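Here is upload-v1.cif, consisting of mmCIF, C-alpha atoms and all ligand atoms:
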```cif
data_work
loop_
_atom_site.label_atom_id
_atom_site.label_comp_id
_atom_site.auth_asym_id
_atom_site.auth_seq_id
_atom_site.Cartn_x
_atom_site.Cartn_y
_atom_site.Cartn_z
CA MET A 655 71.88 -35.81 57.05
CA PRO A 656 70.81 -34.21 53.73
CA SER A 657 69.98 -36.82 51.08
CA THR A 658 70.66 -36.40 47.38
CA ASN A 659 67.22 -34.93 46.71
CA GLY A 660 67.75 -32.18 49.27
CA THR A 661 65.52 -33.66 51.97
CA VAL A 662 66.79 -34.74 55.37
CA ALA A 663 66.97 -38.48 56.10
CA PRO A 664 64.98 -39.57 59.20
CA THR A 665 67.10 -40.16 62.26
CA SER A 666 64.59 -41.51 64.79
CA SER A 667 61.92 -44.16 65.23
CA TRP A 668 59.44 -41.57 63.91
CA GLY A 669 60.58 -42.28 60.36
CA THR A 670 59.18 -39.73 57.91
CA ILE A 671 55.67 -38.33 58.33
CA PRO A 672 53.89 -38.29 54.96
CA SER A 673 52.53 -34.98 53.72
CA SER A 674 48.89 -34.82 52.66
CA ASP A 675 47.56 -35.67 49.20
CA VAL A 676 46.49 -32.05 48.78
CA SER A 677 49.96 -30.71 49.56
CA ARG A 678 51.57 -33.22 47.20
CA ARG A 679 49.23 -32.19 44.42
CA THR A 680 50.08 -28.51 44.98
CA PHE A 681 52.72 -27.30 42.58
CA ASN A 682 53.52 -23.76 41.45
CA PRO A 683 55.67 -23.90 38.29
CA ILE A 684 56.94 -20.31 38.58
CA ARG A 685 58.36 -20.93 42.04
CA GLU A 686 59.82 -24.25 40.83
CA VAL A 687 61.49 -22.76 37.73
CA LEU A 688 62.96 -19.85 39.71
CA SER A 689 64.36 -22.09 42.42
CA ARG A 690 66.06 -24.44 39.93
CA PRO A 691 69.83 -24.16 40.25
CA VAL A 692 71.41 -22.95 37.00
CA GLN A 693 73.24 -26.01 35.73
CA PRO A 694 76.79 -25.15 34.61
CA LEU A 695 77.24 -25.02 30.84
CA ALA A 696 80.30 -25.38 28.63
CA THR A 697 80.04 -21.72 27.57
CA VAL A 698 81.54 -18.84 29.57
CA LYS A 699 79.47 -17.86 32.61
CA SER A 700 78.40 -14.23 32.59
CA SER A 701 80.01 -11.84 35.05
CA ASN A 702 77.24 -9.25 34.36
CA ASP A 703 75.15 -7.86 37.18
CA PRO A 704 71.93 -9.88 37.34
CA ILE A 705 68.75 -8.43 35.83
CA SER A 706 65.49 -10.17 36.68
CA LEU A 707 62.48 -9.72 34.43
CA SER A 708 60.76 -12.75 35.86
CA ILE A 709 58.47 -11.93 38.78
CA GLY A 710 55.39 -9.76 38.35
CA ASP A 711 56.16 -7.61 41.37
CA PRO A 712 56.36 -3.93 40.36
CA THR A 713 58.07 -2.92 43.61
CA VAL A 714 61.27 -4.94 43.18
CA PHE A 715 63.48 -2.18 41.73
CA GLY A 716 62.02 0.73 43.71
CA ASN A 717 61.07 2.70 40.57
CA PHE A 718 57.33 2.01 40.94
CA LYS A 719 56.42 3.18 44.43
CA ALA A 720 53.06 3.26 46.16
CA HIS A 721 51.56 6.77 46.01
CA PRO A 722 51.86 8.85 49.23
CA VAL A 723 48.04 8.73 49.53
CA VAL A 724 48.31 4.93 49.80
CA VAL A 725 51.05 5.12 52.40
CA ASP A 726 49.23 7.80 54.42
CA ALA A 727 46.04 5.73 54.36
CA ILE A 728 47.65 2.69 55.92
CA GLU A 729 49.54 4.80 58.44
CA ALA A 730 46.25 6.42 59.52
CA ALA A 731 44.63 2.99 59.79
CA VAL A 732 47.40 1.77 62.09
CA ARG A 733 47.40 4.94 64.19
CA SER A 734 43.63 4.83 64.66
CA TYR A 735 43.98 1.70 66.85
CA SER A 736 40.54 0.75 65.45
CA PHE A 737 41.64 -2.16 63.27
CA ASN A 738 43.74 -4.29 65.59
CA GLY A 739 40.94 -6.73 66.25
CA TYR A 740 39.43 -9.46 64.08
CA PRO A 741 37.45 -8.04 61.17
CA PRO A 742 34.22 -9.73 60.06
CA SER A 743 35.31 -12.73 57.92
CA VAL A 744 33.79 -11.29 54.75
CA GLY A 745 35.55 -7.97 55.30
CA VAL A 746 35.63 -4.60 57.05
CA PRO A 747 32.27 -2.91 56.25
CA ALA A 748 33.84 0.39 55.12
CA ALA A 749 36.18 -1.48 52.75
CA ARG A 750 33.35 -3.49 51.21
CA GLU A 751 31.36 -0.28 50.83
CA ALA A 752 34.27 1.54 49.16
CA ILE A 753 34.84 -1.30 46.69
CA ALA A 754 31.14 -1.56 45.86
CA LYS A 755 31.04 2.18 45.20
CA LYS A 756 34.16 2.16 43.05
CA TYR A 757 33.25 -0.86 40.91
CA SER A 758 29.47 -0.42 40.72
CA HIS A 759 28.29 0.27 37.16
CA PRO A 760 24.81 1.20 35.91
CA ASP A 761 24.77 -2.15 34.09
CA ALA A 762 26.20 -4.15 37.01
CA LEU A 763 25.16 -2.52 40.27
CA LEU A 764 26.99 -3.59 43.41
CA THR A 765 26.35 -3.08 47.11
CA ALA A 766 28.68 -3.81 50.02
CA ASN A 767 26.94 -7.19 50.38
CA ASP A 768 28.25 -8.18 46.95
CA VAL A 769 31.87 -7.78 48.03
CA ILE A 770 33.92 -10.46 49.80
CA MET A 771 37.41 -9.53 50.90
CA ALA A 772 40.23 -12.02 50.32
CA SER A 773 43.90 -12.53 51.04
CA GLY A 774 45.29 -11.11 47.80
CA CYS A 775 43.71 -11.76 44.45
CA SER A 776 45.25 -15.24 44.81
CA GLY A 777 42.96 -15.83 47.78
CA ALA A 778 40.02 -14.46 45.78
CA VAL A 779 40.76 -16.86 42.89
CA GLU A 780 41.06 -19.75 45.33
CA MET A 781 37.71 -18.91 46.93
CA ALA A 782 36.01 -18.39 43.55
CA ILE A 783 37.22 -21.72 42.19
CA GLY A 784 36.58 -23.40 45.54
CA VAL A 785 32.99 -22.21 45.75
CA LEU A 786 32.02 -23.16 42.19
CA CYS A 787 33.92 -26.40 41.55
CA SER A 788 33.82 -29.71 43.39
CA GLU A 789 36.34 -32.52 43.26
CA GLY A 790 35.93 -34.46 39.99
CA GLN A 791 34.39 -31.55 38.09
CA ASN A 792 36.28 -29.47 35.55
CA ILE A 793 37.04 -25.79 34.95
CA LEU A 794 38.05 -24.13 31.69
CA LEU A 795 41.28 -22.13 31.98
CA PRO A 796 43.31 -20.05 29.50
CA ARG A 797 46.44 -21.33 27.71
CA PRO A 798 48.72 -19.45 28.04
CA GLY A 799 47.52 -18.50 31.48
CA PHE A 800 48.51 -17.53 34.99
CA CYS A 801 49.69 -20.78 36.52
CA LEU A 802 48.00 -20.29 39.91
CA TYR A 803 44.67 -21.35 38.34
CA ASN A 804 46.07 -24.77 37.46
CA THR A 805 47.80 -25.04 40.83
CA ILE A 806 44.54 -24.42 42.70
CA ALA A 807 42.57 -26.78 40.45
CA ALA A 808 45.12 -29.59 40.77
CA SER A 809 45.36 -29.29 44.53
CA ARG A 810 41.56 -29.64 44.79
CA ASN A 811 41.32 -32.51 42.29
CA ILE A 812 39.45 -30.34 39.82
CA GLU A 813 40.29 -31.09 36.20
CA ALA A 814 41.79 -28.10 34.37
CA ARG A 815 40.72 -27.99 30.72
CA LEU A 816 42.85 -25.48 28.85
CA TYR A 817 41.31 -23.43 26.06
CA ASN A 818 43.59 -21.85 23.47
CA LEU A 819 44.40 -18.17 23.18
CA LEU A 820 45.35 -17.04 19.68
CA ALA A 821 48.69 -15.21 19.54
CA ASP A 822 48.02 -13.85 16.05
CA LYS A 823 44.68 -12.38 17.18
CA SER A 824 46.13 -10.40 20.08
CA TRP A 825 45.54 -13.41 22.32
CA GLU A 826 41.78 -13.59 21.86
CA ILE A 827 40.17 -16.80 22.98
CA ASP A 828 39.57 -19.50 20.39
CA ILE A 829 35.85 -19.52 21.22
CA ALA A 830 35.09 -22.71 19.28
CA HIS A 831 37.88 -24.51 21.09
CA MET A 832 36.68 -23.22 24.45
CA GLU A 833 33.16 -24.37 23.75
CA SER A 834 34.34 -27.81 22.58
CA LEU A 835 35.85 -28.47 26.03
CA ILE A 836 32.56 -28.10 27.89
CA ASN A 837 30.86 -31.23 29.17
CA LYS A 838 28.33 -32.06 31.88
CA ASP A 839 31.04 -31.78 34.55
CA THR A 840 32.12 -28.26 33.63
CA ALA A 841 31.49 -26.12 36.70
CA ALA A 842 33.03 -22.79 35.67
CA ILE A 843 34.89 -20.88 32.97
CA LEU A 844 37.71 -18.58 34.02
CA ILE A 845 39.03 -15.69 31.96
CA ASN A 846 41.78 -13.21 32.74
CA ASN A 847 41.52 -9.73 31.27
CA PRO A 848 43.87 -7.85 30.92
CA SER A 849 46.07 -10.91 30.86
CA ASN A 850 49.09 -12.24 32.63
CA PRO A 851 51.19 -13.44 30.78
CA CYS A 852 49.85 -12.07 27.47
CA GLY A 853 49.44 -8.36 28.17
CA SER A 854 46.24 -8.49 26.12
CA ASN A 855 42.99 -6.54 26.60
CA TYR A 856 39.74 -7.81 25.11
CA THR A 857 37.19 -5.81 23.13
CA LYS A 858 33.57 -5.62 24.23
CA ALA A 859 32.60 -7.78 21.25
CA HIS A 860 35.00 -10.51 22.32
CA LEU A 861 33.86 -10.43 25.93
CA LYS A 862 30.27 -10.72 24.71
CA ALA A 863 31.21 -13.78 22.64
CA ILE A 864 32.65 -15.39 25.79
CA LEU A 865 29.53 -14.53 27.79
CA ALA A 866 27.42 -16.07 25.03
CA VAL A 867 29.19 -19.40 25.59
CA CYS A 868 28.38 -19.17 29.32
CA GLU A 869 24.78 -18.34 28.49
CA ARG A 870 24.35 -21.22 26.03
CA HIS A 871 25.67 -23.77 28.52
CA LYS A 872 24.53 -22.07 31.74
CA ILE A 873 28.04 -22.04 33.17
CA PRO A 874 29.09 -19.26 35.56
CA LEU A 875 32.13 -17.13 34.78
CA ILE A 876 35.10 -16.16 36.92
CA SER A 877 36.65 -12.98 35.53
CA ASP A 878 40.13 -12.25 36.89
CA GLU A 879 40.46 -8.48 36.59
CA ILE A 880 43.48 -7.87 38.81
CA TYR A 881 44.86 -5.71 35.94
CA ALA A 882 41.57 -3.80 35.53
CA ASP A 883 42.06 -0.37 33.91
CA MET A 884 45.77 -1.01 33.29
CA VAL A 885 45.69 -0.54 29.52
CA PHE A 886 47.80 1.37 27.01
CA GLY A 887 47.09 4.13 24.46
CA ALA A 888 43.62 3.97 22.92
CA GLN A 889 42.77 0.64 24.56
CA VAL A 890 39.61 0.62 26.68
CA PHE A 891 39.15 -1.82 29.54
CA THR A 892 35.63 -3.20 30.03
CA PRO A 893 34.62 -5.06 33.20
CA THR A 894 33.10 -8.31 31.89
CA ALA A 895 30.12 -8.27 34.25
CA THR A 896 28.88 -4.98 32.81
CA LEU A 897 28.14 -6.72 29.49
CA THR A 898 25.58 -9.24 30.69
CA ALA A 899 22.23 -9.07 32.43
CA THR A 900 22.02 -12.81 32.86
CA VAL A 901 25.34 -14.62 33.24
CA PRO A 902 26.41 -14.85 36.89
CA VAL A 903 29.98 -13.57 37.19
CA LEU A 904 32.46 -13.64 40.07
CA THR A 905 34.92 -10.83 39.36
CA VAL A 906 38.18 -11.07 41.26
CA GLY A 907 40.57 -8.18 41.82
CA GLY A 908 42.94 -6.67 44.32
CA LEU A 909 45.29 -3.90 45.34
CA ALA A 910 48.53 -5.58 44.29
CA LYS A 911 49.17 -4.29 40.80
CA GLN A 912 47.39 -0.99 40.20
CA TRP A 913 48.21 0.29 43.66
CA LEU A 914 51.73 -1.16 43.68
CA VAL A 915 51.39 -2.96 47.02
CA PRO A 916 51.44 -6.73 46.32
CA GLY A 917 52.82 -7.30 49.81
CA TRP A 918 49.64 -6.01 51.43
CA ARG A 919 47.92 -9.19 50.23
CA LEU A 920 44.52 -7.62 49.70
CA GLY A 921 42.04 -8.88 47.15
CA TRP A 922 38.30 -9.20 46.70
CA ILE A 923 35.46 -10.94 44.92
CA LEU A 924 32.58 -9.01 43.36
CA VAL A 925 29.43 -11.13 43.21
CA ASN A 926 27.63 -10.06 40.03
CA ASP A 927 24.30 -11.81 40.10
CA ARG A 928 21.22 -10.00 38.94
CA ASN A 929 19.10 -13.13 38.65
CA HIS A 930 19.81 -14.64 42.06
CA ALA A 931 21.52 -17.68 40.57
CA PHE A 932 24.34 -17.29 43.10
CA GLU A 933 22.25 -17.56 46.27
CA HIS A 934 24.05 -20.74 47.38
CA VAL A 935 27.36 -19.47 46.04
CA ARG A 936 27.09 -16.37 48.23
CA GLN A 937 26.53 -18.56 51.28
CA GLY A 938 29.45 -20.71 50.16
CA LEU A 939 31.71 -17.67 49.88
CA PHE A 940 30.69 -16.54 53.36
CA ALA A 941 31.55 -20.03 54.63
CA LEU A 942 34.91 -20.09 52.84
CA SER A 943 35.78 -16.64 54.21
CA THR A 944 35.61 -18.05 57.73
CA LEU A 945 38.57 -20.34 56.99
CA ILE A 946 40.99 -17.46 57.63
CA ASN A 947 38.63 -14.95 59.29
CA GLY A 948 39.26 -12.50 56.48
CA PRO A 949 42.42 -10.76 55.27
CA CYS A 950 44.45 -8.08 57.09
CA ALA A 951 42.06 -5.55 58.69
CA ILE A 952 44.59 -2.70 58.50
CA ALA A 953 45.00 -3.00 54.74
CA GLN A 954 41.21 -3.15 54.38
CA ALA A 955 40.80 -0.06 56.55
CA ALA A 956 43.11 1.90 54.26
CA LEU A 957 40.93 1.28 51.19
CA PRO A 958 38.25 4.01 51.49
CA SER A 959 40.83 6.75 51.87
CA ILE A 960 42.95 5.38 48.97
CA PHE A 961 40.01 5.36 46.59
CA GLU A 962 38.80 8.80 47.73
CA ASN A 963 42.07 10.69 47.81
CA ILE A 964 44.11 9.31 44.92
CA PRO A 965 44.54 12.08 42.31
CA ASP A 966 42.74 11.59 38.97
CA SER A 967 46.09 11.70 37.22
CA TYR A 968 47.45 8.67 39.10
CA LEU A 969 46.24 5.86 36.86
CA PRO A 970 46.79 7.59 33.49
CA ASP A 971 50.34 8.43 34.62
CA LEU A 972 51.01 4.87 35.74
CA ASN A 973 49.67 3.48 32.46
CA LYS A 974 51.78 5.93 30.45
CA GLN A 975 54.90 4.82 32.28
CA LEU A 976 54.05 1.14 31.82
CA GLU A 977 53.41 1.70 28.14
CA THR A 978 56.77 3.46 27.72
CA HIS A 979 58.44 0.47 29.36
CA ALA A 980 56.54 -1.99 27.18
CA ARG A 981 57.52 -0.13 24.00
CA ILE A 982 61.21 -0.14 24.98
CA LEU A 983 61.22 -3.91 25.20
CA GLU A 984 59.03 -4.33 22.14
CA THR A 985 61.21 -2.09 19.96
CA GLU A 986 64.51 -3.50 21.13
CA LEU A 987 63.54 -7.17 21.11
CA SER A 988 61.89 -6.90 17.69
CA LYS A 989 65.37 -6.29 16.27
CA ALA A 990 66.77 -9.54 17.73
CA PRO A 991 66.90 -12.53 15.37
CA GLY A 992 64.66 -15.48 16.23
CA LEU A 993 62.19 -13.45 18.34
CA GLU A 994 58.65 -12.38 17.53
CA VAL A 995 57.22 -9.87 19.98
CA ILE A 996 53.46 -9.73 20.43
CA THR A 997 52.45 -6.14 21.09
CA PRO A 998 51.08 -5.80 24.63
CA GLN A 999 47.89 -3.81 25.16
CA GLY A 1000 47.99 -3.62 28.96
CA ALA A 1001 49.00 -5.25 32.27
CA MET A 1002 52.72 -5.61 33.07
CA TYR A 1003 54.07 -8.26 30.70
CA ILE A 1004 55.28 -8.89 27.21
CA MET A 1005 55.14 -12.30 25.51
CA VAL A 1006 57.73 -13.20 22.91
CA LYS A 1007 57.51 -16.13 20.52
CA LEU A 1008 60.75 -18.00 19.93
CA ASN A 1009 61.52 -19.26 16.47
CA ILE A 1010 63.38 -22.26 17.87
CA GLU A 1011 64.34 -23.52 14.38
CA ALA A 1012 66.24 -20.30 13.77
CA PHE A 1013 68.66 -21.07 16.61
CA GLU A 1014 71.68 -23.33 16.32
CA ASP A 1015 71.66 -24.92 19.73
CA ILE A 1016 68.52 -23.93 21.69
CA ALA A 1017 66.25 -26.90 22.35
CA ASP A 1018 63.17 -25.09 23.69
CA ASP A 1019 61.96 -22.16 25.80
CA ALA A 1020 63.35 -23.61 29.03
CA ASP A 1021 66.75 -24.10 27.37
CA PHE A 1022 66.61 -20.51 26.04
CA CYS A 1023 66.00 -19.13 29.54
CA HIS A 1024 68.62 -21.35 31.14
CA LYS A 1025 71.34 -20.41 28.63
CA LEU A 1026 70.35 -16.73 28.78
CA LYS A 1027 70.73 -16.75 32.55
CA TRP A 1028 74.11 -18.47 32.37
CA GLU A 1029 75.59 -16.44 29.54
CA GLU A 1030 73.98 -13.01 30.12
CA ASN A 1031 72.65 -13.09 33.69
CA VAL A 1032 69.16 -12.05 32.56
CA GLU A 1033 66.28 -13.96 34.13
CA ILE A 1034 63.01 -14.34 32.24
CA LEU A 1035 60.32 -17.01 32.43
CA PRO A 1036 59.84 -19.81 29.91
CA GLY A 1037 56.40 -20.37 28.38
CA GLU A 1038 56.30 -23.75 30.16
CA CYS A 1039 55.27 -21.79 33.29
CA PHE A 1040 52.10 -20.75 31.45
CA ALA A 1041 51.44 -24.07 29.69
CA TYR A 1042 52.60 -22.47 26.44
CA PRO A 1043 55.99 -23.76 25.28
CA GLY A 1044 57.87 -21.92 22.55
CA THR A 1045 57.51 -18.51 24.21
CA VAL A 1046 59.06 -16.46 26.97
CA ARG A 1047 57.50 -13.85 29.25
CA LEU A 1048 59.21 -10.66 30.35
CA VAL A 1049 58.04 -8.30 33.08
CA ILE A 1050 58.05 -4.65 31.95
CA THR A 1051 58.30 -2.92 35.33
CA PRO A 1052 62.09 -2.74 35.90
CA PRO A 1053 63.65 0.73 35.36
CA LYS A 1054 64.15 1.84 31.76
CA ASP A 1055 67.95 1.59 31.85
CA LYS A 1056 67.65 -2.02 33.05
CA LEU A 1057 65.18 -2.80 30.27
CA HIS A 1058 67.55 -1.37 27.64
CA LEU A 1059 70.44 -3.34 29.10
CA ALA A 1060 68.43 -6.55 29.36
CA ALA A 1061 67.20 -6.18 25.76
CA GLU A 1062 70.77 -5.53 24.59
CA ARG A 1063 71.97 -8.69 26.30
CA ILE A 1064 69.08 -10.76 24.95
CA ALA A 1065 69.78 -9.46 21.42
CA ALA A 1066 73.48 -10.34 21.77
CA PHE A 1067 72.51 -13.80 23.01
CA CYS A 1068 70.16 -14.32 20.04
CA GLN A 1069 72.85 -13.15 17.59
CA ARG A 1070 75.32 -15.60 19.08
CA HIS A 1071 73.00 -18.60 18.91
CA HIS A 1072 71.27 -17.76 15.64
CA LYS A 1073 72.00 -20.03 12.66
C1 LIG B 1101 46.33 -12.78 36.61
C2 LIG B 1101 46.65 -12.74 38.07
N1 LIG B 1101 45.69 -13.06 38.95
C3 LIG B 1101 45.92 -13.05 40.27
C4 LIG B 1101 47.16 -12.71 40.77
C5 LIG B 1101 47.40 -12.73 42.25
O1 LIG B 1101 47.44 -11.46 42.78
P1 LIG B 1101 47.80 -11.20 44.33
O2 LIG B 1101 49.24 -10.83 44.36
O3 LIG B 1101 46.90 -10.08 44.74
O4 LIG B 1101 47.53 -12.45 45.07
C6 LIG B 1101 48.20 -12.36 39.88
C7 LIG B 1101 49.55 -12.05 40.38
O5 LIG B 1101 50.51 -11.98 39.68
C8 LIG B 1101 47.93 -12.37 38.49
O6 LIG B 1101 48.87 -12.05 37.60
#
```
What is this file in structure tokens?
Amino acid sequence: MPSTNGTVAPTSSWGTIPSSDVSRRTFNPIREVLSRPVQPLATVKSSNDPISLSIGDPTVFGNFKAHPVVVDAIEAAVRSYSFNGYPPSVGVPAAREAIAKKYSHPDALLTANDVIMASGCSGAVEMAIGVLCSEGQNILLPRPGFCLYNTIAASRNIEARLYNLLADKSWEIDIAHMESLINKDTAAILINNPSNPCGSNYTKAHLKAILAVCERHKIPLISDEIYADMVFGAQVFTPTATLTATVPVLTVGGLAKQWLVPGWRLGWILVNDRNHAFEHVRQGLFALSTLINGPCAIAQAALPSIFENIPDSYLPDLNKQLETHARILETELSKAPGLEVITPQGAMYIMVKLNIEAFEDIADDADFCHKLKWEENVEILPGECFAYPGTVRLVITPPKDKLHLAAERIAAFCQRHHK
């Protein structure tokens, strides 16, 4: 019989089997916020069609489709019958080779041995944190930041120390604050560039300032570059590892965003280590890769052909479309009272600061999102999901007409609740 908290009461002498400590410590705020039932409010419930700008999945509306080259590559991999067996745990050799070739840089050379395949970039982040940090140590993470980092740290009993990003400096890291969080138990620093949720893209000078902190304290860096090369206008993306000859860097990436196939669950780790500081870490990554015997072999097998055959125009075209989408939301939302839009420079998101004082009856970001969903049927994520209250995050990938409509509804909502 379902109990009041949604669980089922035990009906036999088995009682209830406890779940593990690790599982109880594992909590993903985005999933939690999205599965919260919308509590009825006194105001009129919207009869609008729903528009969701909440999940960072570019495939949801069907307007961003994987390129035919990507589809052909996986079809060929399936039809070859060569990838139905277990791949080596660290990855299919041709896939590791293709990634090394694509991401190798004169200032950060890579070979296939420096590439470890993972189950999505999520799996890569989990392995990177897992190989560098032990229970009881701490890791420095961005605030606002992608919540999976905190989820992984908490589940492994690793303390997450959150360094501040500065909204009025295009979300650059407050370097002094970051450095002040370091102590003898700090095992790694993690950065995310371009950023989810901020849509920011760091300059070379800023990345060098971050690397200097790592150098001073001899702390390795994890650089989450799942949005690598996804930048707008005159912005230039720089892979962090290309800016240092000394700091050991684990760069994590994947196919999900740029190639518009998050469901393929393919990610990777690039081991950037010119001074052999990561000898044990490499062995550790090999060991961790055996936990799942590597990600899907078919998706890996498609990689070489994707990288080789994708037209040069693919990425610039994708970025142009994303930028057009971002500017629609930025322009429209900037007109709404009580909102301050921070111009995105890349990735797939836009962060908006709420001037809570300017609203009559909105308590905080969670309340804003809840009332917006009830009254306008637009779903966006509150800053609480990114440890940054007072903001909301919108995904820019829905079709342009949906973005206009969503922005119109948000503006009407703000007008209605504004003092
Ligand atoms: C910053 C960041 N890192 C990692 C991931 C995980 O990517 P994947 O879907 O490949 O697991 C995401 C997904 O949204 C992300 O935004």
Which is closest to ligand LIG 1101 (chain B) among A:Ser959, A:Asn855, A:Ser849, A:Gln912, if we use only C-alpha atoms and all ligand atoms?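 Result for the nearest residue to ligand LIG 1101 (chain B): A:Ser849.
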Top pick for closest residue to Gln937 (chain A), considering A:Val925, A:Ile728, A:Ala748, A:Val867 and counting only C-alpha atoms: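 Of A:Val925, A:Ile728, A:Ala748, A:Val867, the one nearest Gln937 (chain A), counting only C-alpha atoms, is A:Val925.
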For ligand LIG 1101 (chain B), list the contacting residues at 9 Å or closer, counting only C-alpha atoms and all ligand atoms, as a short mmCIF file (atom, residue, chain, number, x, y, z; two decimals) with C-alpha atoms, in the coordinates of the input.
```
data_model
loop_
_atom_site.label_atom_id
_atom_site.label_comp_id
_atom_site.auth_asym_id
_atom_site.auth_seq_id
_atom_site.Cartn_x
_atom_site.Cartn_y
_atom_site.Cartn_z
CA ILE A 709 58.47 -11.93 38.78
CA GLY A 710 55.39 -9.76 38.35
CA ASP A 711 56.16 -7.61 41.37
CA ALA A 772 40.23 -12.02 50.32
CA SER A 773 43.90 -12.53 51.04
CA GLY A 774 45.29 -11.11 47.80
CA CYS A 775 43.71 -11.76 44.45
CA SER A 776 45.25 -15.24 44.81
CA GLY A 777 42.96 -15.83 47.78
CA ALA A 778 40.02 -14.46 45.78
CA VAL A 779 40.76 -16.86 42.89
CA GLY A 799 47.52 -18.50 31.48
CA PHE A 800 48.51 -17.53 34.99
CA CYS A 801 49.69 -20.78 36.52
CA LEU A 802 48.00 -20.29 39.91
CA TYR A 803 44.67 -21.35 38.34
CA ASN A 846 41.78 -13.21 32.74
CA ASN A 847 41.52 -9.73 31.27
CA PRO A 848 43.87 -7.85 30.92
CA SER A 849 46.07 -10.91 30.86
CA ASN A 850 49.09 -12.24 32.63
CA PRO A 851 51.19 -13.44 30.78
CA ASP A 878 40.13 -12.25 36.89
CA GLU A 879 40.46 -8.48 36.59
CA ILE A 880 43.48 -7.87 38.81
CA TYR A 881 44.86 -5.71 35.94
CA VAL A 906 38.18 -11.07 41.26
CA GLY A 907 40.57 -8.18 41.82
CA GLY A 908 42.94 -6.67 44.32
CA LEU A 909 45.29 -3.90 45.34
CA ALA A 910 48.53 -5.58 44.29
CA LYS A 911 49.17 -4.29 40.80
CA VAL A 915 51.39 -2.96 47.02
CA PRO A 916 51.44 -6.73 46.32
CA GLY A 917 52.82 -7.30 49.81
CA TRP A 918 49.64 -6.01 51.43
CA ARG A 919 47.92 -9.19 50.23
CA LEU A 920 44.52 -7.62 49.70
CA GLY A 921 42.04 -8.88 47.15
CA TRP A 922 38.30 -9.20 46.70
CA ALA A 1001 49.00 -5.25 32.27
CA MET A 1002 52.72 -5.61 33.07
#
```
Find the residue from A:Thr905, A:Ala931, A:Leu957, A:Ala1020 that sits nearest to Ala762 (chain A); use all atoms listed in the file when measuring.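 So, comparing all the options, the nearest one is A:Thr905.
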Coordinates-based distance that separates CA of Ser943 (chain A) from CA of Ile806 (chain A) (Å, one decimal):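 Calculated distance between CA of Ile806 (chain A) and CA of Ser943 (chain A) is 16.4 Å.
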For CA of Ser674 (chain A) and CA of Asn811 (chain A), quote the distance in Å rounded to one decimal. 13.0 Å
Atomic separation - CA of Glu984 (chain A) relative to CA of His1024 (chain A), Å: 21.5 Å
Restricting the calculation to all atoms listed in the file: of A:Ala882, A:Ile783, A:Ala955, A:Ala1066, which residue gets closest to Ser736 (chain A)? A:Ala955
Report as a list in words all protein, DNA and RNA residues lying within 9 Å of Thr857 (chain A), evaluated on only C-alpha atoms, omitting residues in the same chain fewer than 3 positions from it.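 That gives His860, Leu861, Lys862, Gln889, Val890, Phe891 and Thr892 of chain A.
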Those same residues, written as a PDB file, in the coordinates of the input with C-alpha atoms?
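Written file, out-v7.pdb:
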```
ATOM      1  CA  HIS A 860      35.000 -10.510  22.320  1.00  0.00           C
ATOM      2  CA  LEU A 861      33.860 -10.430  25.930  1.00  0.00           C
ATOM      3  CA  LYS A 862      30.270 -10.720  24.710  1.00  0.00           C
ATOM      4  CA  GLN A 889      42.770   0.640  24.560  1.00  0.00           C
ATOM      5  CA  VAL A 890      39.610   0.620  26.680  1.00  0.00           C
ATOM      6  CA  PHE A 891      39.150  -1.820  29.540  1.00  0.00           C
ATOM      7  CA  THR A 892      35.630  -3.200  30.030  1.00  0.00           C
TER       8      THR A 892
END
```
Selection near Pro1052 (chain A), 9 Å with all atoms listed in the file, sequence-local residues under 5 positions removed, as number ranges by chain: A: 705-707, 712-718, 979, 1057
